[in-house]
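**Q** Pasting final-v3.cif here (mmCIF, C-alpha atoms):
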data_protein
#
loop_
_atom_site.label_atom_id
_atom_site.label_comp_id
_atom_site.auth_asym_id
_atom_site.auth_seq_id
_atom_site.Cartn_x
_atom_site.Cartn_y
_atom_site.Cartn_z
CA MET A 1 -39.81 3.22 -23.42
CA LYS A 2 -36.56 5.14 -23.53
CA THR A 3 -37.26 6.72 -20.13
CA ARG A 4 -38.05 3.30 -18.63
CA LEU A 5 -34.76 1.91 -19.90
CA THR A 6 -32.91 4.88 -18.48
CA TYR A 7 -34.53 4.27 -15.06
CA ILE A 8 -33.59 0.59 -15.17
CA ALA A 9 -30.01 1.48 -16.11
CA LEU A 10 -29.84 3.99 -13.26
CA VAL A 11 -31.18 1.49 -10.72
CA LEU A 12 -28.68 -1.13 -11.90
CA LEU A 13 -25.86 1.38 -11.72
CA VAL A 14 -26.75 2.44 -8.18
CA SER A 15 -27.16 -1.15 -6.95
CA THR A 16 -23.87 -2.17 -8.57
CA SER A 17 -22.01 0.60 -6.81
CA LEU A 18 -23.68 -0.34 -3.53
CA CYS A 19 -22.71 -3.99 -3.96
CA GLN A 20 -19.08 -3.14 -4.58
CA ALA A 21 -18.76 -0.93 -1.52
CA GLN A 22 -16.59 -2.55 1.11
CA GLU A 23 -18.29 -2.97 4.46
CA THR A 24 -17.21 -0.45 7.09
CA LEU A 25 -17.93 0.13 10.77
CA ASN A 26 -17.64 2.99 13.21
CA ALA A 27 -15.04 1.36 15.46
CA ASN A 28 -14.90 4.51 17.60
CA ASP A 29 -18.36 3.66 18.94
CA PRO A 30 -18.04 0.97 21.64
CA ASN A 31 -21.72 0.03 21.16
CA THR A 32 -20.77 -1.64 17.88
CA PHE A 33 -18.65 -4.28 19.55
CA ILE A 34 -19.30 -4.24 23.29
CA PHE A 35 -21.93 -7.01 23.09
CA GLY A 36 -20.42 -10.18 21.71
CA GLY A 37 -17.35 -8.55 20.25
CA ASP A 38 -14.10 -6.98 21.32
CA GLN A 39 -11.40 -4.53 20.30
CA LYS A 40 -7.61 -4.70 20.60
CA SER A 41 -4.69 -2.89 19.09
CA THR A 42 -1.15 -3.80 18.31
CA SER A 43 1.88 -1.78 17.33
CA LEU A 44 3.44 -1.97 13.89
CA SER A 45 6.93 -0.72 13.17
CA VAL A 46 7.90 0.40 9.68
CA ASP A 47 11.28 1.41 8.33
CA ILE A 48 11.16 3.30 5.02
CA LEU A 49 14.30 3.86 2.97
CA PRO A 50 15.29 7.13 1.33
CA VAL A 51 15.45 7.05 -2.46
CA ALA A 52 17.00 9.33 -5.06
CA ILE A 53 17.04 8.34 -8.73
CA VAL A 54 17.22 10.46 -11.85
CA ASP A 55 17.28 9.77 -15.57
CA VAL A 56 16.76 11.46 -18.90
CA GLU A 57 13.98 10.25 -21.19
CA PRO A 58 13.77 8.91 -23.81
CA ASP A 59 16.48 6.37 -23.10
CA PRO A 60 19.60 7.14 -25.12
CA GLY A 61 19.38 3.78 -26.89
CA SER A 62 16.13 4.77 -28.53
CA PHE A 63 17.69 7.56 -30.55
CA GLY A 64 19.03 7.44 -34.07
CA SER A 65 22.08 9.44 -34.96
CA GLY A 66 21.98 12.99 -33.78
CA GLY A 67 19.96 11.96 -30.74
CA GLY A 68 21.03 11.62 -27.16
CA ALA A 69 23.32 8.63 -27.65
CA ALA A 70 26.79 9.88 -27.02
CA ALA A 71 28.34 7.44 -29.46
CA ASP A 72 26.12 8.75 -32.24
CA MET A 73 26.86 12.42 -31.66
CA GLU A 74 29.11 14.05 -34.17
CA ALA A 75 29.28 17.70 -33.48
CA GLY A 76 29.29 19.92 -36.53
CA LEU A 77 27.39 17.55 -38.80
CA PRO A 78 23.73 18.04 -39.61
CA VAL A 79 21.28 15.95 -37.69
CA THR A 80 20.22 13.23 -40.13
CA GLY A 81 18.48 9.91 -39.85
CA GLY A 82 17.42 10.45 -36.25
CA THR A 83 14.28 11.58 -34.59
CA ALA A 84 13.74 15.11 -35.70
CA GLY A 85 14.15 17.55 -32.88
CA SER A 86 15.00 14.82 -30.36
CA LEU A 87 17.57 17.06 -28.68
CA ASP A 88 14.73 19.41 -27.85
CA ASN A 89 12.52 16.67 -26.47
CA LEU A 90 14.56 15.33 -23.58
CA TRP A 91 12.93 15.12 -20.18
CA LEU A 92 14.62 14.90 -16.80
CA ASN A 93 12.70 12.52 -14.52
CA PHE A 94 13.39 11.89 -10.87
CA THR A 95 12.02 10.21 -7.77
CA HIS A 96 13.18 11.49 -4.43
CA ARG A 97 12.51 10.64 -0.80
CA ALA A 98 14.79 12.49 1.54
CA LEU A 99 17.02 11.18 4.27
CA ASN A 100 16.33 13.14 7.45
CA TYR A 101 14.25 15.81 5.67
CA GLN A 102 17.35 16.87 3.71
CA PRO A 103 16.35 18.71 0.52
CA ALA A 104 17.92 17.49 -2.72
CA ARG A 105 19.35 19.21 -5.77
CA ILE A 106 20.08 17.98 -9.26
CA TYR A 107 23.52 18.74 -10.63
CA VAL A 108 24.78 18.51 -14.20
CA SER A 109 28.34 17.99 -15.36
CA THR A 110 30.36 16.11 -17.98
CA ASN A 111 32.56 13.11 -17.38
CA GLN A 112 35.35 14.49 -19.58
CA PRO A 113 36.45 17.98 -20.52
CA VAL A 114 34.48 19.53 -23.35
CA PRO A 115 36.89 19.86 -26.32
CA ALA A 116 38.50 23.25 -26.72
CA GLY A 117 36.56 25.52 -29.04
CA MET A 118 33.29 23.75 -28.37
CA THR A 119 30.59 24.79 -25.92
CA ILE A 120 27.63 22.69 -24.86
CA LYS A 121 24.83 24.39 -23.03
CA VAL A 122 21.82 22.85 -21.38
CA GLN A 123 18.71 24.62 -20.20
CA ILE A 124 15.41 23.69 -18.62
CA ILE A 125 12.78 25.08 -20.97
CA SER A 126 9.56 23.78 -19.48
CA VAL A 127 8.04 21.75 -16.68
CA GLY A 128 5.81 18.71 -17.22
CA ALA A 129 2.41 18.27 -15.68
CA GLY A 130 2.75 14.74 -14.27
CA GLY A 131 3.83 13.48 -10.88
CA ASP A 132 3.75 15.26 -7.57
CA TYR A 133 6.81 17.27 -6.70
CA PRO A 134 7.95 20.76 -5.69
CA LYS A 135 9.09 22.58 -8.83
CA ASN A 136 12.24 24.62 -8.45
CA PRO A 137 14.14 24.60 -11.75
CA ASN A 138 17.13 26.70 -12.72
CA TYR A 139 15.91 28.23 -15.98
CA ASN A 140 19.30 29.74 -16.82
CA GLN A 141 21.42 28.31 -19.58
CA ILE A 142 24.25 26.24 -18.11
CA THR A 143 27.54 25.85 -19.94
CA LEU A 144 28.63 22.30 -19.29
CA SER A 145 31.96 21.43 -17.76
CA GLN A 146 33.32 18.80 -15.44
CA ALA A 147 32.29 20.92 -12.47
CA ASP A 148 28.89 20.19 -10.88
CA GLN A 149 26.35 22.91 -11.59
CA VAL A 150 22.88 23.11 -10.15
CA ILE A 151 20.14 22.57 -12.71
CA VAL A 152 17.34 22.03 -10.17
CA TYR A 153 17.47 23.92 -6.90
CA ASP A 154 16.50 22.57 -3.47
CA PHE A 155 13.38 20.44 -3.46
CA ALA A 156 11.66 18.09 -1.02
CA ASN A 157 10.15 14.66 -1.61
CA GLY A 158 8.38 13.94 -4.85
CA TYR A 159 8.25 12.15 -8.18
CA THR A 160 7.91 13.62 -11.64
CA GLY A 161 6.16 10.84 -13.50
CA ASP A 162 8.03 8.67 -15.94
CA GLY A 163 8.82 9.35 -19.59
CA LEU A 164 8.29 12.19 -22.02
CA ASN A 165 6.35 15.27 -20.92
CA ASN A 166 7.13 14.54 -17.28
CA GLY A 167 9.64 16.36 -15.11
CA TYR A 168 11.84 19.05 -16.64
CA GLN A 169 12.25 19.48 -20.38
CA LEU A 170 15.89 19.99 -21.40
CA SER A 171 17.31 21.79 -24.39
CA TYR A 172 20.92 21.45 -25.54
CA THR A 173 22.73 24.08 -27.57
CA ILE A 174 26.04 23.07 -29.13
CA ASP A 175 28.39 25.70 -30.49
CA ASN A 176 31.20 24.09 -32.44
CA PRO A 177 32.71 26.51 -34.96
CA GLY A 178 35.94 24.48 -35.24
CA GLY A 179 34.16 21.22 -36.09
CA ALA A 180 35.77 19.37 -33.18
CA SER A 181 34.60 15.91 -32.24
CA LEU A 182 33.53 14.81 -28.82
CA PRO A 183 35.93 12.29 -27.31
CA ALA A 184 34.87 8.66 -27.14
CA GLY A 185 32.81 7.92 -24.02
CA PHE A 186 31.83 11.53 -23.51
CA GLU A 187 28.78 11.79 -21.29
CA VAL A 188 26.59 14.40 -19.68
CA LEU A 189 25.95 13.42 -16.09
CA TYR A 190 22.93 14.28 -13.96
CA ARG A 191 23.27 13.68 -10.24
CA ILE A 192 20.57 13.97 -7.61
CA GLN A 193 21.74 14.59 -4.08
CA MET B 1 -37.28 -43.23 31.61
CA LYS B 2 -36.90 -41.91 28.09
CA THR B 3 -38.62 -38.71 29.04
CA THR B 4 -36.22 -38.25 31.92
CA HIS B 5 -33.26 -38.71 29.61
CA ILE B 6 -34.59 -36.15 27.14
CA PHE B 7 -35.25 -33.75 29.98
CA ILE B 8 -31.70 -34.13 31.33
CA PHE B 9 -30.25 -33.67 27.85
CA LEU B 10 -32.32 -30.54 27.24
CA PHE B 11 -31.38 -29.21 30.65
CA PHE B 12 -27.65 -29.52 29.95
CA ILE B 13 -27.98 -28.03 26.50
CA SER B 14 -29.84 -25.09 27.96
CA GLN B 15 -26.99 -24.55 30.38
CA TYR B 16 -24.51 -24.13 27.55
CA SER B 17 -26.35 -22.32 24.82
CA PHE B 18 -27.76 -18.83 24.92
CA GLY B 19 -30.17 -16.88 22.77
CA GLN B 20 -27.97 -13.85 22.91
CA LEU B 21 -24.36 -13.14 22.12
CA LEU B 22 -21.95 -14.18 24.81
CA PRO B 23 -18.97 -11.99 25.61
CA GLY B 24 -15.66 -13.05 24.15
CA THR B 25 -12.07 -11.94 24.19
CA LEU B 26 -9.98 -10.91 21.23
CA ASP B 27 -6.29 -11.68 21.53
CA VAL B 28 -3.66 -10.21 19.22
CA THR B 29 -0.12 -11.52 19.29
CA GLY B 30 2.94 -10.40 17.38
CA PHE B 31 4.36 -6.92 16.89
CA PRO B 32 5.13 -6.69 13.18
CA SER B 33 8.34 -4.93 12.26
CA MET B 34 8.73 -4.22 8.57
CA SER B 35 11.79 -2.85 6.83
CA GLN B 36 11.97 -1.76 3.24
CA SER B 37 14.90 -3.32 1.40
CA ILE B 38 16.71 -1.99 -1.64
CA ASN B 39 14.86 -4.55 -3.77
CA ASP B 40 11.54 -3.07 -2.67
CA LEU B 41 12.39 0.40 -3.94
CA VAL B 42 11.20 2.06 -7.12
CA ASP B 43 13.82 1.50 -9.85
CA GLU B 44 12.55 3.81 -12.58
CA ALA B 45 13.13 7.52 -12.10
CA GLY B 46 9.89 9.48 -12.13
CA GLU B 47 7.67 6.68 -10.82
CA ASP B 48 6.15 6.81 -7.38
CA ASP B 49 7.46 4.30 -4.86
CA ALA B 50 3.87 3.57 -3.78
CA SER B 51 3.38 1.27 -6.76
CA TYR B 52 5.98 -1.13 -5.34
CA GLY B 53 5.57 -1.71 -1.62
CA PHE B 54 6.89 -4.32 0.76
CA GLU B 55 5.26 -7.13 2.73
CA SER B 56 5.54 -8.62 6.18
CA VAL B 57 5.69 -12.34 6.79
CA PHE B 58 2.31 -14.04 6.32
CA ASP B 59 1.69 -14.28 10.07
CA ALA B 60 3.11 -11.00 11.28
CA SER B 61 0.20 -10.83 13.71
CA GLN B 62 -2.10 -13.58 14.86
CA ILE B 63 -5.53 -13.01 16.27
CA SER B 64 -7.89 -15.24 18.23
CA PHE B 65 -11.44 -14.78 19.41
CA ILE B 66 -12.70 -17.09 22.16
CA LEU B 67 -15.88 -16.84 24.22
CA ASP B 68 -15.29 -16.06 27.88
CA PRO B 69 -16.15 -18.54 30.67
CA TYR B 70 -19.63 -17.82 31.98
CA THR B 71 -21.11 -18.20 35.43
CA ASN B 72 -24.87 -18.47 35.55
CA PRO B 73 -26.02 -15.96 38.19
CA ILE B 74 -28.98 -18.15 39.14
CA THR B 75 -27.49 -21.62 39.29
CA GLY B 76 -23.89 -20.57 39.97
CA PHE B 77 -22.90 -23.10 37.32
CA THR B 78 -19.77 -22.06 35.36
CA THR B 79 -19.19 -23.06 31.77
CA SER B 80 -15.72 -22.94 30.27
CA SER B 81 -14.65 -21.18 27.07
CA ASN B 82 -14.43 -24.57 25.44
CA GLN B 83 -18.01 -25.44 26.39
CA ASN B 84 -19.32 -22.02 25.35
CA CYS B 85 -17.60 -22.16 21.98
CA THR B 86 -18.98 -25.65 21.46
CA ALA B 87 -22.58 -24.74 22.14
CA ASN B 88 -22.75 -21.16 20.87
CA ILE B 89 -21.89 -20.58 17.26
CA TYR B 90 -21.94 -16.98 16.07
CA ARG B 91 -20.70 -15.11 13.07
CA TYR B 92 -17.78 -12.75 13.69
CA SER B 93 -16.72 -9.92 11.42
CA VAL B 94 -13.26 -8.43 11.85
CA TYR B 95 -12.73 -4.76 11.01
CA MET B 96 -9.40 -2.98 10.99
CA HIS B 97 -8.15 0.57 11.07
CA THR B 98 -4.88 2.31 11.91
CA GLN B 99 -3.84 5.16 14.17
CA ASN B 100 -1.14 7.60 13.10
CA PRO B 101 0.57 5.69 10.29
CA PRO B 102 3.33 7.55 8.43
CA GLN B 103 1.96 10.21 6.09
CA ASN B 104 1.63 9.34 2.40
CA THR B 105 1.86 5.65 3.20
CA VAL B 106 -0.80 3.08 2.38
CA VAL B 107 -1.20 0.22 4.86
CA GLN B 108 -2.82 -2.97 3.60
CA ALA B 109 -3.69 -6.25 5.29
CA LYS B 110 -5.03 -9.65 4.33
CA THR B 111 -5.52 -13.19 5.45
CA THR B 112 -6.28 -16.33 3.46
CA PHE B 113 -9.32 -18.56 3.09
CA ASN B 114 -9.86 -20.71 6.17
CA SER B 115 -6.69 -19.52 7.85
CA GLY B 116 -6.37 -20.04 11.59
CA VAL B 117 -7.66 -22.90 13.69
CA ARG B 118 -11.19 -23.70 14.84
CA PHE B 119 -11.74 -23.65 18.58
CA PRO B 120 -12.51 -26.30 19.70
CA ALA B 121 -11.06 -28.24 16.78
CA ALA B 122 -14.11 -30.46 16.38
CA ILE B 123 -17.59 -30.09 17.84
CA PRO B 124 -20.98 -31.70 17.20
CA TYR B 125 -22.05 -28.62 15.19
CA ASP B 126 -19.57 -29.62 12.49
CA ASP B 127 -21.46 -32.89 11.93
CA LEU B 128 -24.94 -31.40 11.68
CA ILE B 129 -26.66 -31.87 8.35
CA ILE B 130 -28.04 -28.36 8.52
CA ARG B 131 -25.70 -25.82 10.06
CA PRO B 132 -27.56 -22.55 10.61
CA LEU B 133 -24.51 -20.37 9.94
CA GLY B 134 -22.76 -22.75 7.59
CA PRO B 135 -19.45 -24.47 8.27
CA ARG B 136 -17.08 -22.98 10.83
CA ASP B 137 -14.89 -21.42 8.16
CA LEU B 138 -13.09 -18.14 7.65
CA THR B 139 -13.88 -16.03 4.61
CA PRO B 140 -11.65 -13.09 3.69
CA GLU B 141 -13.07 -10.02 1.99
CA ASN B 142 -11.85 -8.96 -1.42
CA GLY B 143 -11.20 -12.57 -2.38
CA GLY B 144 -8.22 -12.78 -0.04
CA ALA B 145 -6.37 -9.92 -1.78
CA TYR B 146 -4.91 -7.02 0.17
CA ILE B 147 -7.36 -4.51 1.61
CA THR B 148 -6.35 -0.92 2.29
CA ILE B 149 -6.73 -0.17 5.98
CA PRO B 150 -8.14 3.30 6.66
CA ASN B 151 -6.65 5.71 9.15
CA GLN B 152 -10.07 6.63 10.56
CA GLY B 153 -11.80 4.60 13.22
CA ASN B 154 -15.24 5.70 12.03
CA VAL B 155 -14.75 3.82 8.75
CA ALA B 156 -12.88 0.72 9.96
CA ILE B 157 -12.96 -1.74 7.09
CA LYS B 158 -14.06 -5.35 7.16
CA VAL B 159 -11.14 -7.65 6.36
CA PHE B 160 -12.66 -11.08 7.01
CA GLU B 161 -15.34 -12.99 8.88
CA PHE B 162 -15.51 -16.38 10.50
CA ILE B 163 -18.08 -18.68 12.05
CA GLY B 164 -17.55 -19.91 15.63
CA CYS B 165 -14.56 -19.34 17.86
CA ARG B 166 -11.23 -19.31 16.09
CA GLU B 167 -7.56 -18.85 17.00
CA GLN B 168 -4.19 -18.19 15.41
CA ILE B 169 -5.60 -16.31 12.42
CA PRO B 170 -2.55 -14.95 10.58
CA ILE B 171 -2.53 -11.37 9.32
CA GLN B 172 -0.10 -10.23 6.64
CA PHE B 173 0.66 -6.58 6.02
CA LYS B 174 1.85 -4.62 3.02
CA ILE B 175 3.20 -1.09 3.16
CA ASN B 176 3.12 1.12 0.07
CA PRO B 177 5.13 4.26 0.84
CA SER B 178 4.86 7.10 -1.64
CA ALA B 179 7.98 9.02 -2.57
CA LEU B 180 6.28 11.80 -0.62
CA ALA B 181 6.51 9.79 2.63
CA ILE B 182 9.17 10.55 5.19
CA SER B 183 11.98 8.03 5.32
CA GLY B 184 13.07 6.42 8.57
CA ASN B 185 11.48 4.38 11.32
CA SER B 186 8.01 4.96 12.69
CA ASN B 187 5.54 3.12 14.88
CA PHE B 188 1.79 3.16 14.65
CA ASN B 189 -1.20 1.21 15.95
CA VAL B 190 -3.36 -1.27 14.12
CA ILE B 191 -6.77 -1.68 15.75
CA TYR B 192 -8.85 -4.82 15.34
CA THR B 193 -12.57 -4.71 16.07
CA VAL B 194 -14.55 -7.93 16.22
CA VAL B 195 -18.32 -7.75 15.91
CA GLY B 196 -20.46 -10.81 16.63
CA SER B 197 -23.87 -11.53 15.17
CA LEU B 198 -26.44 -14.29 15.55
CA ASN B 199 -26.96 -14.74 11.83
#
Here is the file; what I need is its structure written in the form of structure tokens.

**A**
Amino acid sequence: MKTRLTYIALVLLVSTSLCQAQETLNANDPNTFIFGGDQKSTSLSVDILPVAIVDVEPDPGSFGSGGGAAADMEAGLPVTGGTAGSLDNLWLNFTHRALNYQPARIYVSTNQPVPAGMTIKVQIISVGAGGDYPKNPNYNQITLSQADQVIVYDFANGYTGDGLNNGYQLSYTIDNPGGASLPAGFEVLYRIQ
Amino acid sequence: MKTTHIFIFLFFISQYSFGQLLPGTLDVTGFPSMSQSINDLVDEAGEDDASYGFESVFDASQISFILDPYTNPITGFTTSSNQNCTANIYRYSVYMHTQNPPQNTVVQAKTTFNSGVRFPAAIPYDDLIIRPLGPRDLTPENGGAYITIPNQGNVAIKVFEFIGCREQIPIQFKINPSALAISGNSNFNVIYTVVGSLN
């Protein structure tokens, strides 16, 4: 009985897949259309734009204190009330389609000077599995400043996949022996170009 | 007298209708030009642009299929396209494929239910109680949704079918370029293949 049911299920499965198949034709063979049919072609012109967008996930707004939200960061204090380890679970996502085959890079900088006595370092510590893109990270630790520094070297078209565990995982290290505060509006900038 | 009338009627009918498929001509008008706008682009970093895409106008191309005029080699009697399309109703399936589209770009096409215009607009067939091939309508595949057009001629895909001659069938295109595609302008061919059948 069990075997019979299995056969019936198999037959149904095969016929279902056959029914769903879209009808195709060998249009290269003139015999398919020469009697009572015809073939013509037309030209189609397409203009595709370049695209270059980058962001860091999760979105800063989703953090509690001690997370990525600049306004919540208070250097020198313990990380409390936020997502534990959130500074170690930031992911750099991007989508890139080049203009004129020009490879892109991702640069990192700050929008204001880092306060004297404080150092902020960022480093790519791993690469996610999603998307489809050439992987060329700079694994060195980068000490942030207002000057652009390359965090991802030359790469061609691709996309990393969106969200956590996609793209490049970032790790920040903050050294602040003097207990200085970051100025209001302080931001770390990532630029793809 | 009646018999003579019937004979004359049958004679004329036999001049117009054929037991085999008559040759016809497919016409394609319109050279679609499609440009991606900033609003068509992916807006979330990390996502592929292919999930967005951009469309042409609904009638970027228009296709027509009309039976050719026919001259009987025995009688020398010529029937016009109009007469042939009136007396010879076939089923036509339209298949499409592309040649050399941009890499990493998906090309899709569609038309809508009963789009286009019957040719001729009205014929006695339309008033028959039993119409062997059904009404002279157009039926798109995939419920009228977009169909991905392959880049290989040996697997040209059926996009729609119609009964009887038909003209001005609008074709709308959608382009889904992956982030992996090359930006800029490119031209490629879209090939339409019409196949007629008696049933």

**Q** Restricting the calculation to all atoms listed in the file: of B:Ser61, B:Thr86, B:Gln172, B:Ser51, which residue gets closest to Ala122 (chain B)?

**A** B:Thr86

**Q** The PyMOL selection byres ((chain B) within 7 of (chain A)) on the file shown: which residues, as an MDAnalysis selection string?

**A** chainID B and resid 21:26 28 31:36 45:48 153:158 179:196

**Q** Could you tell me how far CA of Ile175 (chain B) sits from CA of Ile66 (chain B), in Å to one decimal place?

**A**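 Interatomic distance here is 29.5 Å.
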
**Q** For this file, the PyMOL selection byres ((chain A and resi 143) around 9) selects which residues, as a PyMOL selection string?

**A** chain A and resi 119-123+141-142+144-145+149

**Q** For the file shown, what are the residues hit by the PyMOL selection byres ((chain B and resi 136-150) around 7), laid out as a ChimeraX atom specification?

**A** /B:96-98,106-115,134-135,151-152,155-157,159-164

**Q** Just want the 7 Å neighbourhood of region 165-169 of chain B, counted on all atoms listed in the file, with same-chain residues fewer than 5 positions away dropped. Output as a list in words.

**A**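 My list of contacting residues is Gln62, Ile63, Ser64, Phe65, Ile66, Leu67, Cys85, Ser115, Gly116, Val117, Arg118 and Phe119 of chain B.
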
**Q** So which one's closest to Pro102 (chain B), B:Pro177, B:Ser56, B:Ile130, B:Leu198? Using all atoms listed in the file, please.

**A**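 Result for the nearest residue to Pro102 (chain B): B:Pro177.
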
**Q** Because the input lacks atoms here, generate N, CA and C atoms for region 69-95 of chain B and report them as a PDB file, keeping the file's coordinate frame.

**A**
ATOM      1  N   PRO B  69     -15.410 -17.654  29.752  1.00  0.00           N
ATOM      2  CA  PRO B  69     -16.150 -18.540  30.670  1.00  0.00           C
ATOM      3  C   PRO B  69     -17.344 -17.772  31.235  1.00  0.00           C
ATOM      4  N   TYR B  70     -18.406 -18.500  31.534  1.00  0.00           N
ATOM      5  CA  TYR B  70     -19.630 -17.820  31.980  1.00  0.00           C
ATOM      6  C   TYR B  70     -20.184 -18.485  33.234  1.00  0.00           C
ATOM      7  N   THR B  71     -20.503 -17.678  34.203  1.00  0.00           N
ATOM      8  CA  THR B  71     -21.110 -18.200  35.430  1.00  0.00           C
ATOM      9  C   THR B  71     -22.571 -17.773  35.476  1.00  0.00           C
ATOM     10  N   ASN B  72     -23.429 -18.762  35.509  1.00  0.00           N
ATOM     11  CA  ASN B  72     -24.870 -18.470  35.550  1.00  0.00           C
ATOM     12  C   ASN B  72     -25.207 -17.852  36.908  1.00  0.00           C
ATOM     13  N   PRO B  73     -25.755 -16.643  36.914  1.00  0.00           N
ATOM     14  CA  PRO B  73     -26.020 -15.960  38.190  1.00  0.00           C
ATOM     15  C   PRO B  73     -27.075 -16.658  39.030  1.00  0.00           C
ATOM     16  N   ILE B  74     -27.912 -17.478  38.384  1.00  0.00           N
ATOM     17  CA  ILE B  74     -28.980 -18.150  39.140  1.00  0.00           C
ATOM     18  C   ILE B  74     -28.496 -19.475  39.710  1.00  0.00           C
ATOM     19  N   THR B  75     -27.913 -20.283  38.841  1.00  0.00           N
ATOM     20  CA  THR B  75     -27.490 -21.620  39.290  1.00  0.00           C
ATOM     21  C   THR B  75     -26.077 -21.628  39.862  1.00  0.00           C
ATOM     22  N   GLY B  76     -25.279 -20.598  39.517  1.00  0.00           N
ATOM     23  CA  GLY B  76     -23.890 -20.570  39.970  1.00  0.00           C
ATOM     24  C   GLY B  76     -23.010 -21.516  39.166  1.00  0.00           C
ATOM     25  N   PHE B  77     -23.604 -22.115  38.147  1.00  0.00           N
ATOM     26  CA  PHE B  77     -22.900 -23.100  37.320  1.00  0.00           C
ATOM     27  C   PHE B  77     -22.002 -22.356  36.322  1.00  0.00           C
ATOM     28  N   THR B  78     -20.711 -22.739  36.257  1.00  0.00           N
ATOM     29  CA  THR B  78     -19.770 -22.060  35.360  1.00  0.00           C
ATOM     30  C   THR B  78     -19.460 -22.938  34.157  1.00  0.00           C
ATOM     31  N   THR B  79     -19.552 -22.331  32.988  1.00  0.00           N
ATOM     32  CA  THR B  79     -19.190 -23.060  31.770  1.00  0.00           C
ATOM     33  C   THR B  79     -17.871 -22.484  31.247  1.00  0.00           C
ATOM     34  N   SER B  80     -17.045 -23.364  30.742  1.00  0.00           N
ATOM     35  CA  SER B  80     -15.720 -22.940  30.270  1.00  0.00           C
ATOM     36  C   SER B  80     -15.815 -22.334  28.872  1.00  0.00           C
ATOM     37  N   SER B  81     -14.713 -21.716  28.429  1.00  0.00           N
ATOM     38  CA  SER B  81     -14.650 -21.180  27.070  1.00  0.00           C
ATOM     39  C   SER B  81     -14.896 -22.282  26.062  1.00  0.00           C
ATOM     40  N   ASN B  82     -14.293 -23.427  26.334  1.00  0.00           N
ATOM     41  CA  ASN B  82     -14.430 -24.570  25.440  1.00  0.00           C
ATOM     42  C   ASN B  82     -15.908 -24.968  25.301  1.00  0.00           C
ATOM     43  N   GLN B  83     -16.586 -25.062  26.419  1.00  0.00           N
ATOM     44  CA  GLN B  83     -18.010 -25.440  26.390  1.00  0.00           C
ATOM     45  C   GLN B  83     -18.845 -24.373  25.685  1.00  0.00           C
ATOM     46  N   ASN B  84     -18.560 -23.110  25.979  1.00  0.00           N
ATOM     47  CA  ASN B  84     -19.320 -22.020  25.350  1.00  0.00           C
ATOM     48  C   ASN B  84     -19.127 -21.984  23.848  1.00  0.00           C
ATOM     49  N   CYS B  85     -17.879 -22.191  23.416  1.00  0.00           N
ATOM     50  CA  CYS B  85     -17.600 -22.160  21.980  1.00  0.00           C
ATOM     51  C   CYS B  85     -18.171 -23.388  21.282  1.00  0.00           C
ATOM     52  N   THR B  86     -18.391 -24.443  22.049  1.00  0.00           N
ATOM     53  CA  THR B  86     -18.980 -25.650  21.460  1.00  0.00           C
ATOM     54  C   THR B  86     -20.483 -25.457  21.233  1.00  0.00           C
ATOM     55  N   ALA B  87     -21.114 -24.806  22.178  1.00  0.00           N
ATOM     56  CA  ALA B  87     -22.580 -24.740  22.140  1.00  0.00           C
ATOM     57  C   ALA B  87     -23.120 -23.436  21.551  1.00  0.00           C
ATOM     58  N   ASN B  88     -22.258 -22.461  21.347  1.00  0.00           N
ATOM     59  CA  ASN B  88     -22.750 -21.160  20.870  1.00  0.00           C
ATOM     60  C   ASN B  88     -21.956 -20.723  19.635  1.00  0.00           C
ATOM     61  N   ILE B  89     -22.570 -20.894  18.526  1.00  0.00           N
ATOM     62  CA  ILE B  89     -21.890 -20.580  17.260  1.00  0.00           C
ATOM     63  C   ILE B  89     -22.440 -19.262  16.730  1.00  0.00           C
ATOM     64  N   TYR B  90     -21.560 -18.284  16.609  1.00  0.00           N
ATOM     65  CA  TYR B  90     -21.940 -16.980  16.070  1.00  0.00           C
ATOM     66  C   TYR B  90     -21.074 -16.653  14.858  1.00  0.00           C
ATOM     67  N   ARG B  91     -21.499 -15.619  14.187  1.00  0.00           N
ATOM     68  CA  ARG B  91     -20.700 -15.110  13.070  1.00  0.00           C
ATOM     69  C   ARG B  91     -19.898 -13.894  13.561  1.00  0.00           C
ATOM     70  N   TYR B  92     -18.623 -13.870  13.255  1.00  0.00           N
ATOM     71  CA  TYR B  92     -17.780 -12.750  13.690  1.00  0.00           C
ATOM     72  C   TYR B  92     -17.165 -12.037  12.479  1.00  0.00           C
ATOM     73  N   SER B  93     -17.330 -10.734  12.468  1.00  0.00           N
ATOM     74  CA  SER B  93     -16.720  -9.920  11.420  1.00  0.00           C
ATOM     75  C   SER B  93     -15.554  -9.149  12.026  1.00  0.00           C
ATOM     76  N   VAL B  94     -14.445  -9.119  11.331  1.00  0.00           N
ATOM     77  CA  VAL B  94     -13.260  -8.430  11.850  1.00  0.00           C
ATOM     78  C   VAL B  94     -12.989  -7.185  11.003  1.00  0.00           C
ATOM     79  N   TYR B  95     -12.983  -6.051  11.663  1.00  0.00           N
ATOM     80  CA  TYR B  95     -12.730  -4.760  11.010  1.00  0.00           C
ATOM     81  C   TYR B  95     -11.372  -4.250  11.478  1.00  0.00           C
TER      82      TYR B  95
END
